[in-house]
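Q: Handing you this structure, nothing more for now.
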Amino acid sequence: MALAAEKKWLFTLFSAAFLSLLLFISAISDFTTLRSFSSSSTPFPSSVRYGVSYPPAFAYYISGGRGHKDRILRLLLAVYHPRNRYLLHLGSDASSEERDELALAVRGVPAIRAFGNVDVLGKPDPLTYMGSSNIAATLRAAAILLRVDSGWDWFITLSSNDYPLLSQDDLSHVFSSVRRDSNFIDHTSDLGWKEHQRVQPVVVDPGIYLARRTQIFHASEKRPTPEAFKFFTGKFFFLLSSYSASELYIYLRTDGVSASCSPWVMLSRSFVEFCVLGWDNLPRTLLMYFTNVILSQEGYFHSVICNSPEFQNTTVNSDLRYMVWDNPPKMEPHFLNITDYELMVQSGAAFARQFEKDDPVLNLIDKKILRRQSPYRATPGAWCAGRKSWWVDPCSKWGDVNVAKPGPGVERFGESMTRLLNDGKSESTRCK
């Protein structure tokens, strides 16, 4: 009897271990990797090298929803560089067919096939507008990017409605002179009306546990503002088209009117590891609190970094985005178009949002700033060694991917970065 009981116990143990192994394999297969689709017809890629002696590398998390496949592909190619890493996420409202079409389109780019640095999330996350499932999706993306690539320096979140205002060579060149523990996140503890309308209400995000519900639940009672930590959120400003380009920076920094907060961030690898790996309990404690906060993505990272003694002095109080808000401001910035182009360019921002699909201003950005012939070709950089023509993609062949050759737009972004870093030395722009 004892032997039979022991065998039964061992059978149960090995069954549990086997089941755990299956779950582990399933977990690591949650995203569709494109690294195995190499092309024998393209030259062998040059070796990508990382470290302080080389240009920085960026990990992009690009998200969208149903019908956003083409937008995501266009945005991906606009910010593509072999040194970077990319994770693409079409939400659960998109069909599996659309997700497969996106993966096939990505595989069709020769450089991506060769360098294998783009992944499409195969098991999408349910996202609820204004709910904490957005934070869960972002943390999952950060965890995947940490796991698949050990070389990147900054984590950047973009949506399918965003677009770059400079090339990756320009971005790398400017960030080569920035401390790699710097975190670009728009933050303030001056809550104002947000304390009663955003901080104290209690909500439940059904996207965490229900398959069909798409709206958050509101509790009938509110809770007091936390005392164990200080609540930080983003701070945005709406810009009036009557302001000239020369007045833009001054207005942005001093005369802005607070609107909806900024969930968009550019975080250092060390801070992302702190949030995901969590050797301190602060990220987990705040995650539990922000699970029931409206628009938690507009306060979670802001509160974690500003309540952490290790990271609170690494912030640069900007998200590097250009947006124009209506007056009075609405929940989302207005859609940018040709009339916004000059102010957009003069702003010195790295990215802009939001845009309608294939708006003519995107073609203008492609032509004048990114210098690419087609929205479905990668933005040319020093790594592209092919002949430039309408018929040949210069980035179908490549040279040294470890050098950056800045273009004419780097001066504006460099000046903007210098101002931001100088402002970061002031006590008035730090976490407080």
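Each chain of the structure tokens is named A, B, ... in the order shown, its residues numbered from 1; ligands are numbered from 1 in display order.
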Might you pull out every residue within 8 Å of segment 149-166 of chain A, with only C-alpha atoms counted and same-chain residues fewer than 3 positions away left off, and present them as a ChimeraX atom specification?

A: /A:50-51,56-64,68,71-72,75,78-79,84-85,142,145-146,170-171,180,264-269,272,345,349-357,362,365,369-370,409-410

Q: Near segment 220-228 of chain A, within 12 Å and counting only C-alpha atoms, which residues show up once chain neighbours fewer than 5 positions away are dropped, as a short mmCIF file (atom, residue, chain, number, x, y, z; two decimals) with C-alpha atoms, in the first residue's frame?

A:
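Dumped to around15.cif:
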```cif
data_model
loop_
_atom_site.label_atom_id
_atom_site.label_comp_id
_atom_site.auth_asym_id
_atom_site.auth_seq_id
_atom_site.Cartn_x
_atom_site.Cartn_y
_atom_site.Cartn_z
CA SER A 189 1.89 66.23 -8.31
CA LEU A 191 -3.50 67.35 -9.16
CA LYS A 194 -7.94 65.52 -11.15
CA GLU A 195 -7.84 64.66 -7.43
CA HIS A 196 -11.64 64.44 -7.27
CA GLN A 197 -12.28 63.18 -10.81
CA ARG A 198 -9.33 60.83 -11.39
CA VAL A 199 -7.63 59.92 -8.09
CA GLN A 200 -10.50 59.35 -5.67
CA PRO A 201 -13.08 57.52 -7.84
CA VAL A 202 -12.90 53.72 -7.73
CA VAL A 203 -13.35 51.82 -10.98
CA VAL A 204 -13.09 48.21 -12.12
CA LEU A 282 6.99 49.81 -4.70
CA THR A 285 2.20 48.07 -4.41
CA LEU A 286 1.36 50.93 -6.74
CA TYR A 289 -3.59 50.64 -6.23
CA PHE A 290 -3.70 51.79 -9.87
CA ASN A 292 -8.79 50.71 -9.70
CA VAL A 293 -7.80 54.17 -10.97
CA ILE A 294 -9.36 55.87 -14.00
CA SER A 303 4.04 57.78 -9.49
CA ASN A 307 8.25 57.90 -5.30
#
```

Q: May I have a table of the residues of segment 68-99 of chain A lying at most 8 Å from segment 110-124 of chain A, giving each one's closest pair of atoms and their distance in Å to one decimal, counting only C-alpha atoms, ordered by chain and ascending residue number, as JSON lines?

A:
```
{"residue": "A:Pro82", "atom": "CA", "partner": "A:Phe115", "partner_atom": "CA", "distance": 6.3}
{"residue": "A:Asn84", "atom": "CA", "partner": "A:Asn117", "partner_atom": "CA", "distance": 7.0}
{"residue": "A:Arg85", "atom": "CA", "partner": "A:Asn117", "partner_atom": "CA", "distance": 5.1}
{"residue": "A:Tyr86", "atom": "CA", "partner": "A:Val118", "partner_atom": "CA", "distance": 4.7}
{"residue": "A:Leu87", "atom": "CA", "partner": "A:Asp119", "partner_atom": "CA", "distance": 4.9}
{"residue": "A:Leu88", "atom": "CA", "partner": "A:Val120", "partner_atom": "CA", "distance": 4.8}
{"residue": "A:His89", "atom": "CA", "partner": "A:Leu121", "partner_atom": "CA", "distance": 5.3}
{"residue": "A:Leu90", "atom": "CA", "partner": "A:Pro124", "partner_atom": "CA", "distance": 6.5}
{"residue": "A:Gly91", "atom": "CA", "partner": "A:Pro124", "partner_atom": "CA", "distance": 5.3}
{"residue": "A:Ser92", "atom": "CA", "partner": "A:Pro124", "partner_atom": "CA", "distance": 5.2}
{"residue": "A:Arg99", "atom": "CA", "partner": "A:Gly122", "partner_atom": "CA", "distance": 7.6}
```

Q: How would the residues just picked look written out with all heavy atoms as a PDB file, in the first residue's frame?

A:
```
ATOM      1  N   PRO A  82      18.003  48.767 -37.761  1.00  0.00           N
ATOM      2  CA  PRO A  82      18.439  47.424 -37.346  1.00  0.00           C
ATOM      3  C   PRO A  82      18.910  47.321 -35.901  1.00  0.00           C
ATOM      4  O   PRO A  82      18.880  46.234 -35.313  1.00  0.00           O
ATOM      5  CB  PRO A  82      19.585  47.114 -38.318  1.00  0.00           C
ATOM      6  CG  PRO A  82      19.285  47.932 -39.526  1.00  0.00           C
ATOM      7  CD  PRO A  82      18.679  49.196 -38.998  1.00  0.00           C
ATOM      8  N   ASN A  84      17.519  48.716 -33.310  1.00  0.00           N
ATOM      9  CA  ASN A  84      16.396  48.794 -32.380  1.00  0.00           C
ATOM     10  C   ASN A  84      15.653  47.466 -32.277  1.00  0.00           C
ATOM     11  O   ASN A  84      15.875  46.544 -33.052  1.00  0.00           O
ATOM     12  CB  ASN A  84      15.429  49.894 -32.815  1.00  0.00           C
ATOM     13  CG  ASN A  84      16.067  51.267 -32.793  1.00  0.00           C
ATOM     14  OD1 ASN A  84      17.065  51.497 -32.114  1.00  0.00           O
ATOM     15  ND2 ASN A  84      15.488  52.196 -33.544  1.00  0.00           N
ATOM     16  N   ARG A  85      14.721  47.416 -31.337  1.00  0.00           N
ATOM     17  CA  ARG A  85      13.836  46.267 -31.183  1.00  0.00           C
ATOM     18  C   ARG A  85      12.393  46.753 -31.219  1.00  0.00           C
ATOM     19  O   ARG A  85      12.096  47.847 -30.702  1.00  0.00           O
ATOM     20  CB  ARG A  85      14.102  45.577 -29.842  1.00  0.00           C
ATOM     21  CG  ARG A  85      13.449  44.209 -29.747  1.00  0.00           C
ATOM     22  CD  ARG A  85      14.265  43.177 -30.479  1.00  0.00           C
ATOM     23  NE  ARG A  85      13.501  41.964 -30.749  1.00  0.00           N
ATOM     24  CZ  ARG A  85      14.059  40.822 -31.118  1.00  0.00           C
ATOM     25  NH1 ARG A  85      15.367  40.725 -31.252  1.00  0.00           N
ATOM     26  NH2 ARG A  85      13.320  39.760 -31.360  1.00  0.00           N
ATOM     27  N   TYR A  86      11.501  45.958 -31.798  1.00  0.00           N
ATOM     28  CA  TYR A  86      10.118  46.394 -31.991  1.00  0.00           C
ATOM     29  C   TYR A  86       9.148  45.283 -31.601  1.00  0.00           C
ATOM     30  O   TYR A  86       9.347  44.116 -31.957  1.00  0.00           O
ATOM     31  CB  TYR A  86       9.878  46.777 -33.455  1.00  0.00           C
ATOM     32  CG  TYR A  86      10.819  47.848 -33.959  1.00  0.00           C
ATOM     33  CD1 TYR A  86      12.073  47.509 -34.468  1.00  0.00           C
ATOM     34  CD2 TYR A  86      10.475  49.196 -33.897  1.00  0.00           C
ATOM     35  CE1 TYR A  86      12.949  48.482 -34.914  1.00  0.00           C
ATOM     36  CE2 TYR A  86      11.352  50.173 -34.342  1.00  0.00           C
ATOM     37  CZ  TYR A  86      12.590  49.809 -34.848  1.00  0.00           C
ATOM     38  OH  TYR A  86      13.467  50.776 -35.281  1.00  0.00           O
ATOM     39  N   LEU A  87       8.087  45.665 -30.885  1.00  0.00           N
ATOM     40  CA  LEU A  87       6.993  44.757 -30.569  1.00  0.00           C
ATOM     41  C   LEU A  87       5.694  45.411 -31.030  1.00  0.00           C
ATOM     42  O   LEU A  87       5.363  46.525 -30.597  1.00  0.00           O
ATOM     43  CB  LEU A  87       6.938  44.469 -29.069  1.00  0.00           C
ATOM     44  CG  LEU A  87       5.848  43.486 -28.633  1.00  0.00           C
ATOM     45  CD1 LEU A  87       6.099  42.100 -29.227  1.00  0.00           C
ATOM     46  CD2 LEU A  87       5.768  43.400 -27.106  1.00  0.00           C
ATOM     47  N   LEU A  88       4.956  44.730 -31.903  1.00  0.00           N
ATOM     48  CA  LEU A  88       3.721  45.259 -32.476  1.00  0.00           C
ATOM     49  C   LEU A  88       2.530  44.554 -31.846  1.00  0.00           C
ATOM     50  O   LEU A  88       2.510  43.321 -31.742  1.00  0.00           O
ATOM     51  CB  LEU A  88       3.712  45.049 -33.995  1.00  0.00           C
ATOM     52  CG  LEU A  88       4.986  45.446 -34.759  1.00  0.00           C
ATOM     53  CD1 LEU A  88       4.791  45.231 -36.254  1.00  0.00           C
ATOM     54  CD2 LEU A  88       5.379  46.888 -34.458  1.00  0.00           C
ATOM     55  N   HIS A  89       1.532  45.331 -31.453  1.00  0.00           N
ATOM     56  CA  HIS A  89       0.375  44.771 -30.759  1.00  0.00           C
ATOM     57  C   HIS A  89      -0.907  45.278 -31.402  1.00  0.00           C
ATOM     58  O   HIS A  89      -1.225  46.461 -31.326  1.00  0.00           O
ATOM     59  CB  HIS A  89       0.418  45.172 -29.280  1.00  0.00           C
ATOM     60  CG  HIS A  89      -0.751  44.662 -28.493  1.00  0.00           C
ATOM     61  ND1 HIS A  89      -1.200  45.286 -27.359  1.00  0.00           N
ATOM     62  CD2 HIS A  89      -1.564  43.589 -28.681  1.00  0.00           C
ATOM     63  CE1 HIS A  89      -2.237  44.621 -26.872  1.00  0.00           C
ATOM     64  NE2 HIS A  89      -2.475  43.593 -27.663  1.00  0.00           N
ATOM     65  N   LEU A  90      -1.634  44.379 -32.052  1.00  0.00           N
ATOM     66  CA  LEU A  90      -3.001  44.652 -32.482  1.00  0.00           C
ATOM     67  C   LEU A  90      -3.924  44.104 -31.403  1.00  0.00           C
ATOM     68  O   LEU A  90      -3.863  42.920 -31.072  1.00  0.00           O
ATOM     69  CB  LEU A  90      -3.294  43.979 -33.824  1.00  0.00           C
ATOM     70  CG  LEU A  90      -2.852  44.714 -35.086  1.00  0.00           C
ATOM     71  CD1 LEU A  90      -3.044  43.830 -36.314  1.00  0.00           C
ATOM     72  CD2 LEU A  90      -3.626  46.013 -35.262  1.00  0.00           C
ATOM     73  N   GLY A  91      -4.775  44.960 -30.828  1.00  0.00           N
ATOM     74  CA  GLY A  91      -5.613  44.566 -29.703  1.00  0.00           C
ATOM     75  C   GLY A  91      -6.572  43.436 -30.023  1.00  0.00           C
ATOM     76  O   GLY A  91      -6.725  43.002 -31.171  1.00  0.00           O
ATOM     77  N   SER A  92      -7.268  42.968 -28.997  1.00  0.00           N
ATOM     78  CA  SER A  92      -8.163  41.825 -29.145  1.00  0.00           C
ATOM     79  C   SER A  92      -9.363  42.134 -30.019  1.00  0.00           C
ATOM     80  O   SER A  92     -10.059  41.210 -30.461  1.00  0.00           O
ATOM     81  CB  SER A  92      -8.628  41.352 -27.762  1.00  0.00           C
ATOM     82  OG  SER A  92      -9.278  42.403 -27.062  1.00  0.00           O
ATOM     83  N   ARG A  99      -4.115  40.235 -37.915  1.00  0.00           N
ATOM     84  CA  ARG A  99      -2.830  40.042 -37.223  1.00  0.00           C
ATOM     85  C   ARG A  99      -1.868  39.237 -38.096  1.00  0.00           C
ATOM     86  O   ARG A  99      -0.675  39.543 -38.183  1.00  0.00           O
ATOM     87  CB  ARG A  99      -3.091  39.345 -35.892  1.00  0.00           C
ATOM     88  CG  ARG A  99      -1.992  39.490 -34.870  1.00  0.00           C
ATOM     89  CD  ARG A  99      -2.463  39.047 -33.496  1.00  0.00           C
ATOM     90  NE  ARG A  99      -3.476  39.967 -32.979  1.00  0.00           N
ATOM     91  CZ  ARG A  99      -4.769  39.694 -32.887  1.00  0.00           C
ATOM     92  NH1 ARG A  99      -5.216  38.521 -33.276  1.00  0.00           N
ATOM     93  NH2 ARG A  99      -5.602  40.583 -32.417  1.00  0.00           N
TER      94      ARG A  99
END
```

Q: Smallest atom-to-atom distance to Asn281 of chain A: which of A:Leu421, A:Thr339, A:Val304, A:Gly234, using only C-alpha atoms?

A: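 Checking each of A:Leu421, A:Thr339, A:Val304, A:Gly234 against Asn281 of chain A, counting only C-alpha atoms, the winner is A:Val304.
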
Q: I'd like to know which residues of segment 112-358 of chain A are helix (DSSP H, G or I) (by DSSP, run on the backbone); could you write them as number ranges by chain?

A: A: 112-115, 133-148, 168-175, 194-199, 206-208, 245-254, 269-277, 282-290, 296-298, 300-306, 338-346

Q: Write out as a PyMOL selection string the residues lying within 10 Å of Pro406 of chain A, counting only C-alpha atoms and excluding same-chain residues fewer than 2 positions away.

A: chain A and resi 166-174+381-382+403-404+408-411

Q: Looking at only C-alpha atoms, which of A:Trp279, A:Phe217, A:Phe184, A:Tyr300 is the one that sits closest to Thr233 of chain A?

A: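 Once distances to Thr233 of chain A are computed over only C-alpha atoms, the minimum belongs to A:Tyr300.
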
Q: Just want the 12 Å neighbourhood of Thr214 of chain A, counted on only C-alpha atoms, with same-chain residues fewer than 2 positions away dropped. Output as a short mmCIF file (atom, residue, chain, number, x, y, z; two decimals) with all heavy atoms, in the first residue's frame.

A:
```
data_model
loop_
_atom_site.label_atom_id
_atom_site.label_comp_id
_atom_site.auth_asym_id
_atom_site.auth_seq_id
_atom_site.Cartn_x
_atom_site.Cartn_y
_atom_site.Cartn_z
N SER A 92 -7.27 42.97 -29.00
CA SER A 92 -8.16 41.82 -29.14
C SER A 92 -9.36 42.13 -30.02
O SER A 92 -10.06 41.21 -30.46
CB SER A 92 -8.63 41.35 -27.76
OG SER A 92 -9.28 42.40 -27.06
N ASP A 93 -9.64 43.42 -30.28
CA ASP A 93 -10.75 43.75 -31.17
C ASP A 93 -10.38 43.51 -32.64
O ASP A 93 -11.26 43.44 -33.50
CB ASP A 93 -11.19 45.20 -30.98
CG ASP A 93 -10.05 46.20 -31.22
OD1 ASP A 93 -8.89 45.81 -31.07
OD2 ASP A 93 -10.36 47.36 -31.56
N PRO A 126 -6.71 42.18 -24.07
CA PRO A 126 -7.94 42.98 -24.10
C PRO A 126 -7.68 44.34 -23.47
O PRO A 126 -7.10 44.43 -22.38
CB PRO A 126 -8.93 42.15 -23.27
CG PRO A 126 -8.06 41.35 -22.35
CD PRO A 126 -6.79 41.08 -23.09
N LEU A 127 -8.05 45.39 -24.15
CA LEU A 127 -7.81 46.75 -23.66
C LEU A 127 -9.14 47.47 -23.47
O LEU A 127 -9.98 47.48 -24.36
CB LEU A 127 -6.93 47.53 -24.64
CG LEU A 127 -5.56 46.94 -24.94
CD1 LEU A 127 -4.83 47.78 -25.98
CD2 LEU A 127 -4.73 46.81 -23.68
N THR A 128 -9.32 48.05 -22.28
CA THR A 128 -10.53 48.80 -21.98
C THR A 128 -10.19 50.28 -21.91
O THR A 128 -9.26 50.67 -21.19
CB THR A 128 -11.13 48.35 -20.62
OG1 THR A 128 -11.33 46.94 -20.65
CG2 THR A 128 -12.44 49.06 -20.36
N TYR A 129 -10.92 51.10 -22.65
CA TYR A 129 -10.67 52.54 -22.62
C TYR A 129 -10.82 53.06 -21.20
O TYR A 129 -11.81 52.78 -20.52
CB TYR A 129 -11.65 53.24 -23.56
CG TYR A 129 -11.46 54.74 -23.61
CD1 TYR A 129 -10.27 55.29 -24.06
CD2 TYR A 129 -12.47 55.60 -23.19
CE1 TYR A 129 -10.09 56.66 -24.11
CE2 TYR A 129 -12.30 56.98 -23.24
CZ TYR A 129 -11.11 57.50 -23.70
OH TYR A 129 -10.94 58.86 -23.73
N MET A 130 -9.82 53.78 -20.72
CA MET A 130 -9.77 54.37 -19.39
C MET A 130 -9.49 53.35 -18.29
O MET A 130 -9.50 53.69 -17.12
CB MET A 130 -11.06 55.15 -19.06
CG MET A 130 -11.35 56.28 -20.03
SD MET A 130 -12.90 57.12 -19.68
CE MET A 130 -12.51 57.96 -18.15
N GLY A 131 -9.23 52.08 -18.65
CA GLY A 131 -9.03 51.05 -17.64
C GLY A 131 -7.58 50.67 -17.44
O GLY A 131 -6.70 51.02 -18.24
N SER A 133 -6.23 47.79 -17.78
CA SER A 133 -5.71 46.77 -18.70
C SER A 133 -4.66 47.36 -19.63
O SER A 133 -3.82 46.63 -20.17
CB SER A 133 -6.85 46.14 -19.50
OG SER A 133 -7.65 47.13 -20.12
N VAL A 204 -13.51 49.58 -11.86
CA VAL A 204 -13.09 48.21 -12.12
C VAL A 204 -13.01 48.02 -13.63
O VAL A 204 -13.95 48.37 -14.35
CB VAL A 204 -14.08 47.19 -11.51
CG1 VAL A 204 -13.65 45.76 -11.87
CG2 VAL A 204 -14.17 47.36 -10.00
N ASP A 205 -11.87 47.51 -14.09
CA ASP A 205 -11.67 47.29 -15.51
C ASP A 205 -12.09 45.86 -15.85
O ASP A 205 -11.43 44.90 -15.46
CB ASP A 205 -10.19 47.51 -15.86
CG ASP A 205 -9.90 47.35 -17.35
OD1 ASP A 205 -10.79 46.88 -18.09
OD2 ASP A 205 -8.79 47.71 -17.78
N PRO A 206 -13.19 45.70 -16.60
CA PRO A 206 -13.65 44.34 -16.93
C PRO A 206 -12.72 43.62 -17.91
O PRO A 206 -12.80 42.40 -18.04
CB PRO A 206 -15.02 44.58 -17.55
CG PRO A 206 -14.93 45.95 -18.12
CD PRO A 206 -14.06 46.72 -17.19
N GLY A 207 -11.85 44.37 -18.58
CA GLY A 207 -10.94 43.75 -19.52
C GLY A 207 -9.96 42.80 -18.86
O GLY A 207 -9.37 41.96 -19.52
N ILE A 208 -9.82 42.91 -17.54
CA ILE A 208 -8.90 42.05 -16.80
C ILE A 208 -9.49 40.65 -16.61
O ILE A 208 -8.75 39.67 -16.56
CB ILE A 208 -8.56 42.69 -15.44
CG1 ILE A 208 -7.81 44.01 -15.66
CG2 ILE A 208 -7.74 41.76 -14.57
CD1 ILE A 208 -7.51 44.75 -14.38
N TYR A 209 -10.84 40.57 -16.53
CA TYR A 209 -11.42 39.27 -16.20
C TYR A 209 -12.65 38.87 -17.03
O TYR A 209 -13.13 37.74 -16.91
CB TYR A 209 -11.80 39.23 -14.72
CG TYR A 209 -12.86 40.24 -14.33
CD1 TYR A 209 -14.21 39.89 -14.31
CD2 TYR A 209 -12.52 41.54 -13.97
CE1 TYR A 209 -15.18 40.82 -13.96
CE2 TYR A 209 -13.48 42.46 -13.62
CZ TYR A 209 -14.81 42.10 -13.61
OH TYR A 209 -15.76 43.02 -13.27
N LEU A 210 -13.16 39.76 -17.88
CA LEU A 210 -14.31 39.43 -18.71
C LEU A 210 -13.93 39.51 -20.19
O LEU A 210 -13.08 40.31 -20.58
CB LEU A 210 -15.48 40.38 -18.44
CG LEU A 210 -16.18 40.25 -17.09
CD1 LEU A 210 -17.31 41.26 -16.98
CD2 LEU A 210 -16.72 38.85 -16.86
N ALA A 211 -14.56 38.70 -21.00
CA ALA A 211 -14.21 38.63 -22.42
C ALA A 211 -14.95 39.68 -23.25
O ALA A 211 -14.44 40.12 -24.27
CB ALA A 211 -14.51 37.23 -22.96
N ARG A 212 -16.15 40.08 -22.84
CA ARG A 212 -16.99 40.89 -23.72
C ARG A 212 -17.23 42.32 -23.23
O ARG A 212 -17.46 43.20 -24.03
CB ARG A 212 -18.34 40.21 -23.93
CG ARG A 212 -18.21 38.86 -24.65
CD ARG A 212 -19.56 38.22 -24.87
NE ARG A 212 -19.43 36.94 -25.56
CZ ARG A 212 -20.45 36.15 -25.85
NH1 ARG A 212 -21.68 36.52 -25.52
NH2 ARG A 212 -20.23 35.00 -26.47
N ILE A 216 -15.60 50.42 -18.30
CA ILE A 216 -15.26 50.27 -16.90
C ILE A 216 -16.51 50.41 -16.02
O ILE A 216 -17.49 51.05 -16.39
CB ILE A 216 -14.20 51.30 -16.47
CG1 ILE A 216 -14.69 52.74 -16.73
CG2 ILE A 216 -12.88 51.04 -17.16
CD1 ILE A 216 -13.75 53.80 -16.23
N PHE A 217 -16.45 49.76 -14.84
CA PHE A 217 -17.50 49.91 -13.83
C PHE A 217 -17.08 51.01 -12.86
O PHE A 217 -15.92 51.08 -12.46
CB PHE A 217 -17.68 48.61 -13.04
CG PHE A 217 -18.12 47.44 -13.86
CD1 PHE A 217 -17.19 46.53 -14.35
CD2 PHE A 217 -19.46 47.22 -14.12
CE1 PHE A 217 -17.59 45.43 -15.08
CE2 PHE A 217 -19.87 46.12 -14.85
CZ PHE A 217 -18.94 45.22 -15.34
#
```

Q: For the atom pair atom CA of Gly278 of chain A and atom CA of Asp319 of chain A, what is the interatomic distance in Å to one decimal place?

A: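 The value is 23.6 Å.
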
Q: Of the residues A:Thr379, A:Ser426, A:Thr138, A:Ser416, which is the one nearest to Tyr80 of chain A, using only C-alpha atoms?

A: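 Of all the options, A:Thr379 lies closest to Tyr80 of chain A.
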
Q: Find, counting only C-alpha atoms, the residue in A:Ile135, A:Val392, A:Leu277, A:Val48 that gets nearest to His81 of chain A.

A: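 Checking each of A:Ile135, A:Val392, A:Leu277, A:Val48 against His81 of chain A, counting only C-alpha atoms, the winner is A:Val48.
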
Q: So that I can see what lies close to Ala385 of chain A, please list as a JSON list (two decimals) with N, CA, C and O atoms, in the first residue's frame the residues with an atom at most 6 Å from it, counting only C-alpha atoms and leaving out residues fewer than 4 positions away in the same chain.

A:
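Here's the written file selection_37.json:
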```json
[["chain", "number", "residue", "atom", "x", "y", "z"],
["A", 397, "LYS", "N", 19.83, 46.91, -49.06],
["A", 397, "LYS", "CA", 21.21, 46.52, -48.79],
["A", 397, "LYS", "C", 21.71, 47.38, -47.65],
["A", 397, "LYS", "O", 21.26, 48.51, -47.47],
["A", 398, "TRP", "N", 22.65, 46.86, -46.88],
["A", 398, "TRP", "CA", 23.08, 47.63, -45.72],
["A", 398, "TRP", "C", 24.58, 47.51, -45.49],
["A", 398, "TRP", "O", 25.22, 46.56, -45.89],
["A", 399, "GLY", "N", 25.07, 48.56, -44.83],
["A", 399, "GLY", "CA", 26.48, 48.60, -44.48],
["A", 399, "GLY", "C", 26.62, 48.49, -42.98],
["A", 399, "GLY", "O", 26.04, 47.62, -42.33]]
```

Q: One decimal, Å: what's the distance from atom CA of Trp325 of chain A over to atom CA of Pro360 of chain A, could you say?

A: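 Between atom CA of Trp325 of chain A and atom CA of Pro360 of chain A the gap is 20.2 Å.
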